[in-house]
Every structure is written in C-alpha cells, then in structure tokens.
file structure.cif (mmCIF, C-alpha atoms)
data_start
#
loop_
_atom_site.label_atom_id
_atom_site.label_comp_id
_atom_site.auth_asym_id
_atom_site.auth_seq_id
_atom_site.Cartn_x
_atom_site.Cartn_y
_atom_site.Cartn_z
CA MET A 28 -5.64 1.81 24.31
CA VAL A 29 -7.86 -0.47 22.24
CA ASN A 30 -8.47 -4.06 23.33
CA ILE A 31 -7.17 -5.97 20.29
CA ASP A 32 -8.28 -9.37 21.63
CA LYS A 33 -11.86 -8.13 21.89
CA LEU A 34 -11.81 -7.14 18.21
CA LEU A 35 -10.44 -10.47 17.03
CA ARG A 36 -12.77 -13.04 15.44
CA SER A 37 -13.47 -15.93 17.81
CA ASN A 38 -12.34 -18.62 15.34
CA ILE A 39 -9.01 -16.80 14.87
CA LYS A 40 -8.50 -16.73 18.64
CA LYS A 41 -8.93 -20.51 18.76
CA LEU A 42 -6.86 -21.22 15.65
CA SER A 43 -3.71 -23.30 15.95
CA PRO A 44 -1.33 -22.00 13.26
CA TYR A 45 0.43 -24.31 10.81
CA SER A 46 3.88 -25.20 12.05
CA THR A 47 6.59 -25.40 9.38
CA ALA A 48 9.70 -27.55 9.54
CA ARG A 49 11.71 -24.35 9.93
CA ASP A 50 9.82 -23.56 13.15
CA GLU A 51 11.44 -26.60 14.73
CA TYR A 52 14.96 -25.87 13.46
CA ASP A 53 16.00 -22.50 12.02
CA GLY A 54 19.72 -23.10 11.58
CA ASP A 55 21.55 -22.80 8.25
CA ILE A 56 23.74 -25.88 8.61
CA GLY A 57 22.49 -29.44 8.87
CA VAL A 58 21.18 -32.47 6.99
CA PHE A 59 17.66 -31.34 6.10
CA LEU A 60 15.38 -34.34 5.85
CA ASP A 61 12.37 -32.75 7.52
CA ALA A 62 10.35 -30.87 4.89
CA ASN A 63 10.09 -33.39 2.03
CA GLU A 64 12.10 -31.08 -0.23
CA ASN A 65 14.01 -32.35 -3.27
CA SER A 66 17.47 -32.74 -1.77
CA PHE A 67 19.14 -32.82 -5.20
CA GLY A 68 17.60 -29.69 -6.67
CA SER A 69 17.38 -28.82 -10.36
CA ILE A 70 19.49 -25.65 -10.63
CA PRO A 71 23.27 -25.93 -10.10
CA GLU A 72 23.64 -22.61 -8.28
CA GLY A 73 21.68 -21.56 -5.22
CA ASN A 74 19.56 -23.49 -2.74
CA TYR A 75 16.23 -23.03 -4.49
CA ASN A 76 15.25 -26.57 -3.58
CA ARG A 77 14.84 -25.43 0.04
CA TYR A 78 11.84 -23.61 1.48
CA PRO A 79 12.46 -19.94 2.32
CA ASP A 80 12.59 -18.56 5.84
CA PRO A 81 8.89 -18.32 6.80
CA HIS A 82 9.68 -15.51 9.27
CA GLN A 83 11.95 -13.44 6.98
CA THR A 84 14.23 -12.99 9.99
CA VAL A 85 17.25 -11.40 8.28
CA LEU A 86 15.13 -9.10 6.15
CA LYS A 87 13.01 -7.89 9.08
CA LYS A 88 16.15 -7.17 11.08
CA ARG A 89 17.51 -4.98 8.27
CA ILE A 90 14.21 -3.15 7.79
CA ALA A 91 14.01 -2.53 11.54
CA GLU A 92 17.52 -1.04 11.50
CA ILE A 93 16.67 1.33 8.65
CA LYS A 94 13.32 2.43 10.08
CA LYS A 95 14.56 2.39 13.70
CA ILE A 96 11.67 0.29 14.95
CA ASN A 97 11.25 -3.06 16.72
CA ARG A 98 11.37 -5.90 14.17
CA ASN A 99 8.51 -7.62 16.02
CA LYS A 100 6.28 -4.78 14.76
CA ILE A 101 6.94 -5.71 11.10
CA PHE A 102 4.91 -7.98 8.84
CA ILE A 103 6.11 -8.62 5.29
CA GLY A 104 3.43 -9.56 2.79
CA ASN A 105 3.00 -10.45 -0.86
CA GLY A 106 2.44 -6.78 -1.62
CA SER A 107 0.38 -4.60 0.74
CA ASP A 108 -2.67 -6.43 -0.61
CA GLU A 109 -1.86 -9.47 1.53
CA ALA A 110 -1.98 -7.37 4.71
CA ILE A 111 -5.29 -5.83 3.59
CA ASP A 112 -6.78 -9.29 3.13
CA LEU A 113 -5.44 -10.50 6.50
CA LEU A 114 -7.01 -7.52 8.27
CA TYR A 115 -10.44 -8.58 7.03
CA ARG A 116 -9.80 -12.22 7.89
CA ALA A 117 -8.63 -11.41 11.41
CA PHE A 118 -11.09 -8.73 12.51
CA CYS A 119 -14.26 -8.89 10.38
CA GLU A 120 -16.89 -11.58 10.81
CA PRO A 121 -18.21 -12.38 7.29
CA GLY A 122 -21.79 -11.26 6.72
CA LYS A 123 -21.83 -9.36 10.01
CA ASP A 124 -19.05 -6.78 10.35
CA SER A 125 -18.17 -3.82 8.15
CA ALA A 126 -15.33 -1.50 7.18
CA ILE A 127 -15.20 2.17 6.18
CA ILE A 128 -13.40 3.46 3.10
CA MET A 129 -13.17 7.02 1.80
CA PRO A 130 -13.58 7.22 -1.98
CA PRO A 131 -11.98 8.08 -4.24
CA THR A 132 -9.38 5.69 -2.91
CA TYR A 133 -7.42 2.51 -3.61
CA GLY A 134 -9.76 -0.09 -5.08
CA MET A 135 -8.41 -3.17 -3.28
CA TYR A 136 -9.94 -2.14 0.05
CA LYS A 137 -13.38 -2.73 -1.43
CA VAL A 138 -12.43 -5.79 -3.50
CA ALA A 139 -10.85 -7.52 -0.50
CA ALA A 140 -13.97 -6.74 1.56
CA GLU A 141 -16.22 -8.29 -1.08
CA ILE A 142 -14.03 -11.40 -1.26
CA ASN A 143 -14.35 -11.77 2.51
CA ASN A 144 -18.10 -10.99 2.52
CA VAL A 145 -17.60 -7.83 4.59
CA LYS A 146 -19.92 -4.86 4.10
CA ILE A 147 -18.32 -1.59 2.99
CA LYS A 148 -19.54 1.78 4.27
CA GLU A 149 -18.40 4.67 2.07
CA VAL A 150 -17.64 8.11 3.49
CA PRO A 151 -16.51 10.15 0.46
CA LEU A 152 -13.64 12.59 0.77
CA THR A 153 -14.54 16.26 0.40
CA GLN A 154 -14.31 18.09 -2.93
CA SER A 155 -10.74 19.03 -1.96
CA PHE A 156 -9.97 15.34 -1.31
CA ASP A 157 -9.77 15.45 2.47
CA ILE A 158 -11.45 13.59 5.35
CA ASP A 159 -15.01 14.57 6.18
CA VAL A 160 -14.30 13.74 9.81
CA ASP A 161 -17.75 14.60 11.21
CA ASN A 162 -19.45 12.38 8.62
CA LEU A 163 -16.88 9.67 9.28
CA ILE A 164 -17.50 9.61 13.02
CA ALA A 165 -21.26 9.70 12.47
CA THR A 166 -20.97 6.61 10.23
CA ILE A 167 -19.15 4.50 12.81
CA ASP A 168 -21.37 1.93 14.53
CA SER A 169 -20.81 -1.35 16.39
CA SER A 170 -20.41 -3.28 13.12
CA VAL A 171 -17.40 -1.23 11.95
CA LYS A 172 -14.10 -2.96 12.70
CA LEU A 173 -11.75 -1.34 10.15
CA ILE A 174 -11.24 2.15 8.74
CA PHE A 175 -8.95 2.53 5.70
CA ILE A 176 -7.16 5.84 5.15
CA CYS A 177 -4.93 6.25 2.09
CA SER A 178 -2.41 9.06 2.67
CA PRO A 179 -1.01 10.23 0.29
CA ASN A 180 -4.30 9.34 -1.33
CA ASN A 181 -4.67 7.39 -4.55
CA PRO A 182 -5.84 8.76 -7.02
CA SER A 183 -5.74 12.39 -5.80
CA GLY A 184 -2.12 12.30 -4.62
CA ASN A 185 -2.46 14.49 -1.51
CA LEU A 186 -1.72 13.83 2.14
CA LEU A 187 -4.87 13.74 4.27
CA ASN A 188 -5.36 16.09 7.21
CA ARG A 189 -3.31 14.95 10.18
CA ASP A 190 -5.62 16.39 12.84
CA ALA A 191 -8.60 14.57 11.29
CA ILE A 192 -6.66 11.29 11.39
CA ILE A 193 -5.71 11.83 15.04
CA LYS A 194 -9.36 12.57 15.87
CA THR A 195 -10.36 9.33 14.14
CA LEU A 196 -7.71 7.30 15.98
CA SER A 197 -8.76 8.79 19.30
CA PHE A 198 -12.48 8.18 18.76
CA PHE A 199 -12.56 4.77 17.08
CA ASN A 200 -12.25 1.55 19.08
CA GLY A 201 -11.43 -0.56 16.03
CA ILE A 202 -8.43 -0.82 13.70
CA VAL A 203 -7.35 2.27 11.72
CA VAL A 204 -5.28 1.41 8.64
CA ILE A 205 -3.15 4.16 7.09
CA ASP A 206 -1.84 3.19 3.67
CA GLU A 207 1.47 4.98 3.06
CA ALA A 208 2.39 3.47 -0.30
CA TYR A 209 3.52 6.92 -1.51
CA ILE A 210 4.90 8.40 1.72
CA ASP A 211 8.48 8.64 0.40
CA PHE A 212 7.39 11.27 -2.11
CA ALA A 213 5.78 13.48 0.56
CA LYS A 214 7.26 16.01 2.98
CA SER A 215 5.72 14.33 5.98
CA LYS A 216 6.78 12.00 8.77
CA SER A 217 5.45 8.46 8.60
CA TRP A 218 2.65 7.42 10.93
CA ILE A 219 4.75 4.45 12.12
CA TYR A 220 6.27 6.78 14.69
CA SER A 221 2.84 7.50 16.24
CA GLN A 222 2.09 3.90 17.16
CA GLU A 223 3.23 4.23 20.76
CA LYS A 224 0.16 6.43 21.28
CA PHE A 225 -2.27 4.34 19.22
CA ASN A 226 -2.08 0.56 19.48
CA ASN A 227 -4.99 0.26 17.00
CA LEU A 228 -2.96 1.85 14.18
CA VAL A 229 -1.74 -0.29 11.27
CA VAL A 230 0.54 1.39 8.72
CA LEU A 231 0.95 -0.12 5.26
CA GLN A 232 4.06 0.54 3.17
CA THR A 233 5.49 -1.01 0.03
CA PHE A 234 8.68 -1.68 -1.91
CA SER A 235 6.82 -1.15 -5.19
CA LYS A 236 6.98 2.65 -5.44
CA ALA A 237 9.99 4.51 -4.03
CA TRP A 238 12.16 1.38 -4.03
CA GLY A 239 11.17 0.50 -7.61
CA LEU A 240 10.47 -3.18 -6.89
CA ALA A 241 6.87 -3.58 -8.06
CA ASN A 242 7.71 -6.78 -9.95
CA ILE A 243 8.76 -8.81 -6.91
CA ARG A 244 5.66 -8.08 -4.73
CA ALA A 245 6.78 -7.08 -1.26
CA GLY A 246 4.75 -4.93 1.10
CA LEU A 247 4.86 -4.08 4.79
CA ALA A 248 2.42 -3.78 7.65
CA ILE A 249 3.84 -2.06 10.71
CA ALA A 250 1.73 -2.31 13.85
CA ASP A 251 1.54 -3.21 17.51
CA GLU A 252 3.25 -6.53 18.24
CA LYS A 253 -0.12 -8.07 19.14
CA ILE A 254 -1.53 -7.33 15.67
CA ILE A 255 1.64 -8.55 13.94
CA SER A 256 1.50 -11.82 15.90
CA ILE A 257 -2.07 -12.31 14.59
CA PHE A 258 -0.90 -11.74 11.01
CA ASN A 259 1.89 -14.28 11.47
CA LYS A 260 -0.61 -16.75 12.89
CA ILE A 261 -2.97 -16.66 9.90
CA LYS A 262 -0.68 -15.94 6.93
CA TYR A 263 0.33 -18.70 4.53
CA PRO A 264 3.50 -20.38 5.88
CA TYR A 265 5.95 -19.38 3.14
CA ASN A 266 4.24 -16.21 1.90
CA ILE A 267 7.47 -14.47 0.84
CA ASN A 268 9.65 -16.47 -1.51
CA GLY A 269 13.41 -16.65 -1.15
CA LEU A 270 14.17 -14.64 -4.30
CA THR A 271 12.02 -11.74 -3.11
CA GLN A 272 13.73 -11.77 0.28
CA GLN A 273 17.17 -11.72 -1.37
CA LEU A 274 16.28 -8.93 -3.79
CA VAL A 275 14.77 -6.68 -1.10
CA LEU A 276 17.85 -7.23 1.07
CA THR A 277 20.05 -6.22 -1.87
CA ALA A 278 17.96 -3.10 -2.53
CA LEU A 279 18.25 -2.06 1.12
CA ASN A 280 22.00 -1.74 0.60
CA TYR A 281 21.32 1.14 -1.80
CA THR A 282 19.35 3.57 0.36
CA GLU A 283 21.28 6.57 -0.97
CA LYS A 284 20.46 5.61 -4.56
CA LYS A 285 16.80 5.17 -3.60
CA GLU A 286 16.74 8.70 -2.13
CA LYS A 287 18.31 10.12 -5.30
CA VAL A 288 15.67 8.39 -7.43
CA VAL A 289 12.87 9.71 -5.19
CA ASN A 290 14.25 13.27 -5.49
CA LYS A 291 14.48 12.83 -9.26
CA ILE A 292 10.84 11.72 -9.45
CA ILE A 293 9.74 14.70 -7.34
CA SER A 294 11.68 17.02 -9.65
CA GLU A 295 10.13 15.43 -12.75
CA ARG A 296 6.69 15.63 -11.11
CA GLU A 297 7.00 19.41 -10.78
CA LYS A 298 8.31 19.81 -14.35
CA LEU A 299 5.44 17.68 -15.66
CA ARG A 300 2.88 19.69 -13.69
CA LYS A 301 4.10 22.95 -15.26
CA GLU A 302 4.12 21.45 -18.76
CA LEU A 303 0.56 20.10 -18.39
CA LEU A 304 -0.77 23.49 -17.28
CA ARG A 305 0.26 24.98 -20.64
CA PHE A 306 -2.43 23.04 -22.51
CA ASN A 307 -5.80 24.68 -23.12
CA PHE A 308 -7.69 21.40 -22.56
CA VAL A 309 -6.15 20.99 -19.08
CA LYS A 310 -8.48 22.52 -16.51
CA HIS A 311 -6.60 21.75 -13.31
CA VAL A 312 -3.59 19.79 -12.04
CA PHE A 313 -4.14 18.72 -8.45
CA TYR A 314 -1.36 19.11 -5.89
CA SER A 315 0.48 15.84 -5.36
CA ASP A 316 2.55 14.30 -2.56
CA ALA A 317 2.93 11.11 -4.60
CA ASN A 318 4.69 9.90 -7.79
CA PHE A 319 1.70 10.78 -9.99
CA LEU A 320 -0.57 13.68 -10.91
CA LEU A 321 -4.35 13.78 -11.07
CA VAL A 322 -5.34 16.06 -13.94
CA SER A 323 -8.75 17.48 -14.78
CA VAL A 324 -9.17 17.82 -18.56
CA LYS A 325 -11.84 18.57 -21.12
CA GLU A 326 -13.24 15.38 -22.69
CA ALA A 327 -11.14 12.96 -20.64
CA ASN A 328 -12.24 9.92 -22.66
CA ASN A 329 -11.00 11.49 -25.90
CA VAL A 330 -7.63 12.41 -24.38
CA TYR A 331 -7.29 8.93 -22.89
CA ASP A 332 -8.12 7.23 -26.21
CA PHE A 333 -5.68 9.42 -28.14
CA LEU A 334 -2.86 8.59 -25.75
CA LEU A 335 -3.72 4.91 -25.92
CA GLN A 336 -3.63 4.99 -29.73
CA ASN A 337 -0.12 6.40 -29.38
CA LYS A 338 0.88 3.62 -26.96
CA ILE A 339 0.92 5.88 -23.91
CA ILE A 340 -1.06 4.27 -21.14
CA VAL A 341 -2.50 6.38 -18.34
CA ARG A 342 -5.42 5.85 -15.94
CA ASN A 343 -8.87 7.25 -16.63
CA ARG A 344 -10.34 7.99 -13.21
CA SER A 345 -13.46 9.78 -14.50
CA ASN A 346 -15.79 7.14 -13.05
CA MET A 347 -14.64 7.82 -9.47
CA ILE A 348 -16.40 10.23 -7.15
CA ASN A 349 -15.09 13.83 -7.32
CA CYS A 350 -12.85 12.81 -10.26
CA ASN A 351 -15.13 13.72 -13.17
CA GLU A 352 -13.09 14.15 -16.40
CA CYS A 353 -9.85 13.29 -14.59
CA LEU A 354 -6.83 11.33 -15.80
CA ARG A 355 -4.01 10.09 -13.60
CA PHE A 356 -0.46 10.37 -14.95
CA THR A 357 2.37 8.43 -13.32
CA VAL A 358 5.62 10.40 -13.37
CA GLY A 359 7.91 8.61 -15.82
CA THR A 360 11.50 9.05 -16.87
CA GLU A 361 12.56 12.30 -18.54
CA GLU A 362 12.20 10.64 -21.94
CA GLU A 363 8.77 9.17 -21.12
CA ASN A 364 7.48 12.49 -19.80
CA LYS A 365 8.81 14.26 -22.90
CA ARG A 366 6.98 11.80 -25.15
CA LEU A 367 3.77 12.31 -23.16
CA ILE A 368 3.95 16.10 -23.57
CA GLU A 369 4.76 15.81 -27.28
CA THR A 370 1.77 13.51 -27.80
CA LEU A 371 -0.54 15.82 -25.87
CA SER A 372 0.73 18.70 -28.01
CA LYS A 373 -0.37 16.75 -31.11
CA TYR A 374 -3.77 16.19 -29.50
CA GLU A 375 -4.21 19.89 -28.83
CA LYS A 376 -3.39 20.78 -32.44
CA ILE A 377 -6.07 18.47 -33.85
CA LYS A 378 -8.62 19.82 -31.37
#
call {"tool": "encode", "arguments": {"input": "structure.cif", "output": "structure tokens"}}
result
Amino acid sequence: MVNIDKLLRSNIKKLSPYSTARDEYDGDIGVFLDANENSFGSIPEGNYNRYPDPHQTVLKKRIAEIKKINRNKIFIGNGSDEAIDLLYRAFCEPGKDSAIIMPPTYGMYKVAAEINNVKIKEVPLTQSFDIDVDNLIATIDSSVKLIFICSPNNPSGNLLNRDAIIKTLSFFNGIVVIDEAYIDFAKSKSWIYSQEKFNNLVVLQTFSKAWGLANIRAGLAIADEKIISIFNKIKYPYNINGLTQQLVLTALNYTEKKEKVVNKIISEREKLRKELLRFNFVKHVFYSDANFLLVSVKEANNVYDFLLQNKIIVRNRSNMINCNECLRFTVGTEEENKRLIETLSKYEKIK
C-alpha cells in the first residue's frame, strides 16, 4: 500500500478548505439567508437562484448504486480534465516534480502539466501501441509522482496490456492514473474493481462518450477515499452546476438505452472498418476498443483537406509519434458514416 500522505504537497496538507453555506446546513427546506443569493430569482420555474449542492450527494449516491462502489470513492468534475488538473495540484510540486505520459496519448495530460509547471517525462508506446514496461520502470525516479495510462488509448483506440499495468502499479510508489473515457466500448472490466489491491490507483471516466453528454461537462475520478477527500478539499466549491447534476441524474434513469446506443456504435464501428479497408489509399485500420478508428492512409493531409472541403471534420494525427499519415475517424450515425464513405469514394476517383 502506498503512503498517500507522503506523496501530498506540504501546502495542500496544511490547507484549510473553503467552507460553503451548504456545509453548515444541507437541508432542502428552510429560509435561506446564508449565502447572499438573490432570494427572488429571475426565472419563474426552478430554483436557479440557489447554489447547487457542492457535494453532489444525490448524484454520487445514484452513480455508486449503478457501479456498485462506495460513494465516498467518487469525485465528480467539470469533465475528466478537472480531475487531471487536481492531480497535479495535489501531488506535484511545481518546478520540482514530474509525471510520465505515454505518447501518442490524450493531450491534456501534458497541457495540464505545463499549466502547473510540472515536468513531463515521455515513454512512447511501442509500434503496436502498447506499454514499453521496461522502459517505463527505468524512467521512474524520485521526482515522478504521477503516471498517466490511457486505456483504451486515444488516438490508437486499443486497450493497453493488463499485465504491464499491474506491474506498473506494483512497482510504482506514486499515483497511477488510468483514463477509461472509452471503457464502455471495450470488452474489458473496468479498473475501478481493482482498487482494493492498489490504493494508489485513480480511474478516470466520463459522461461525454458512452452516455452522450459531452455538452454538459461531467467526468468522474474513482479512487481510494483518501485521494477523493483531497480532491474535495482543493476543488472549487460549486464545481458542478445544478443543471449538469439534474441532467446526469436523468440520463442515469436510461441505462438500458445507453447500452443499446453503445452496442449500435460498436456495430457501426465494425461496418465502418470494413468499408474503409476497401479503399486503395487506406493502408491499415487499427483495431479499436473505442468509439473511433485510427486509420493509416496515403497522403493523410490530402485526404484530410478533401474531407474538410466537403464539411466532414476528422482528426489528423500525423504529427503524433507512431501515427505517421494517420487520421482518426469518430464513429458517427449510419447517415454520417454513409456520407463519409461516399465522400472518400469521390476522393479515390479523383486520385
């Protein structure tokens, strides 16, 4: 077991968190004259003049029921990006400590590090987009406090080797962050159910992908209660607005519909993969456990520009390591995927 207190920045240990009015009274009924809110409001329906629950109590309870975990292990953030930022703020001393990322990977790990003046050590994934575990372990030194693992990985789409992750968790005395933004599209059990063995494991999830709620910005960090208590100590008081809490609660009543949508996306992903392989300019379609496909093509910039001219927007990942001449295609609706294939057919004809 890792000593979390020892990893924590000294100023965070000493910090007295901001106390909201709702920390003193969390009831629903009363004459609220404590938070300097506008008691009249400006919208006839709803109580939007009141601050939201800073602890998201009802929402966490429902998430805990669905995932069958302790609600005290759940942090809800303004997207997963908030949790990424809080990890740096809690565990990395600016200008002194470092974190490890494994490119090609999600870009916010590096951006958040730079914002917090934390050095990034890069340990590239192998050519087959998996963990180079020996190189990873060799890179760990006393300055490394965080290791970010994206699985399924963005932009390659594949799950990373489970044994390599376990070896990393067992060896490293810092915080290991596994980003599971795309886990619902994979045939794999979430890492949240391995946390009894590893108290240094933080799992990130999101409502943006499988739940289709990217617009409202809600992400999760699931971790040991000690780590979650640190997040709650340093987060902004009302980080999740009331509308987001209400909408996520509503969505959680439709778990069956969410599963049907996920299965539909997986089905469309496989259809799209087969269609893409028919084109002569497509060199390879990488296996995906996510809701997108990484595709190696001839003259990626030309393909990207042609699609853009036809108002089809994809991601050009050619500038990322091991992704030379690669485009990333999100799996769309049947109609959107059909339009993509028709447009690529036009491109092939003019080439």
call {"tool": "resolve_selection", "arguments": {"input": "structure.cif", "expression": "the PyMOL selection byres ((chain A and resi 267) around 10)", "output": "list in words"}}
result
Pro79, Asp80, Pro81, His82, Gln83, Ile103, Gly104, Asn105, Gly106, Ile243, Arg244, Ala245, Gly246, Tyr263, Pro264, Tyr265, Asn266, Asn268, Gly269, Leu270, Thr271 and Gln272 of chain A
call {"tool": "closest_residue", "arguments": {"input": "structure.cif", "among": "A:Asp168, A:Thr370, A:Lys285, A:Ile158", "to": "A:Lys194", "atoms": "all atoms listed in the file"}}
result
A:Ile158
call {"tool": "residues_around", "arguments": {"input": "structure.cif", "residues": "A:Ser155", "least_positions_apart": "2", "cutoff": "10 Å", "atoms": "only C-alpha atoms", "output": "VMD selection string"}}
result
chain A and resid 152 to 153 157 to 158 183 185 313 349
call {"tool": "atom_distance", "arguments": {"input": "structure.cif", "atom1": "atom CA of A:Glu295", "atom2": "atom CA of A:Leu354"}}
result
17.7 Å
call {"tool": "atom_distance", "arguments": {"input": "structure.cif", "atom1": "atom CA of A:Glu286", "atom2": "atom CA of A:Lys94"}}
result
14.1 Å
call {"tool": "atom_distance", "arguments": {"input": "structure.cif", "atom1": "atom CA of A:Thr132", "atom2": "atom CA of A:Leu279"}}
result
29.0 Å
call {"tool": "closest_residue", "arguments": {"input": "structure.cif", "among": "A:Leu187, A:Ile39, A:Leu334, A:Ala91", "to": "A:Lys373", "atoms": "only C-alpha atoms"}}
result
A:Leu334
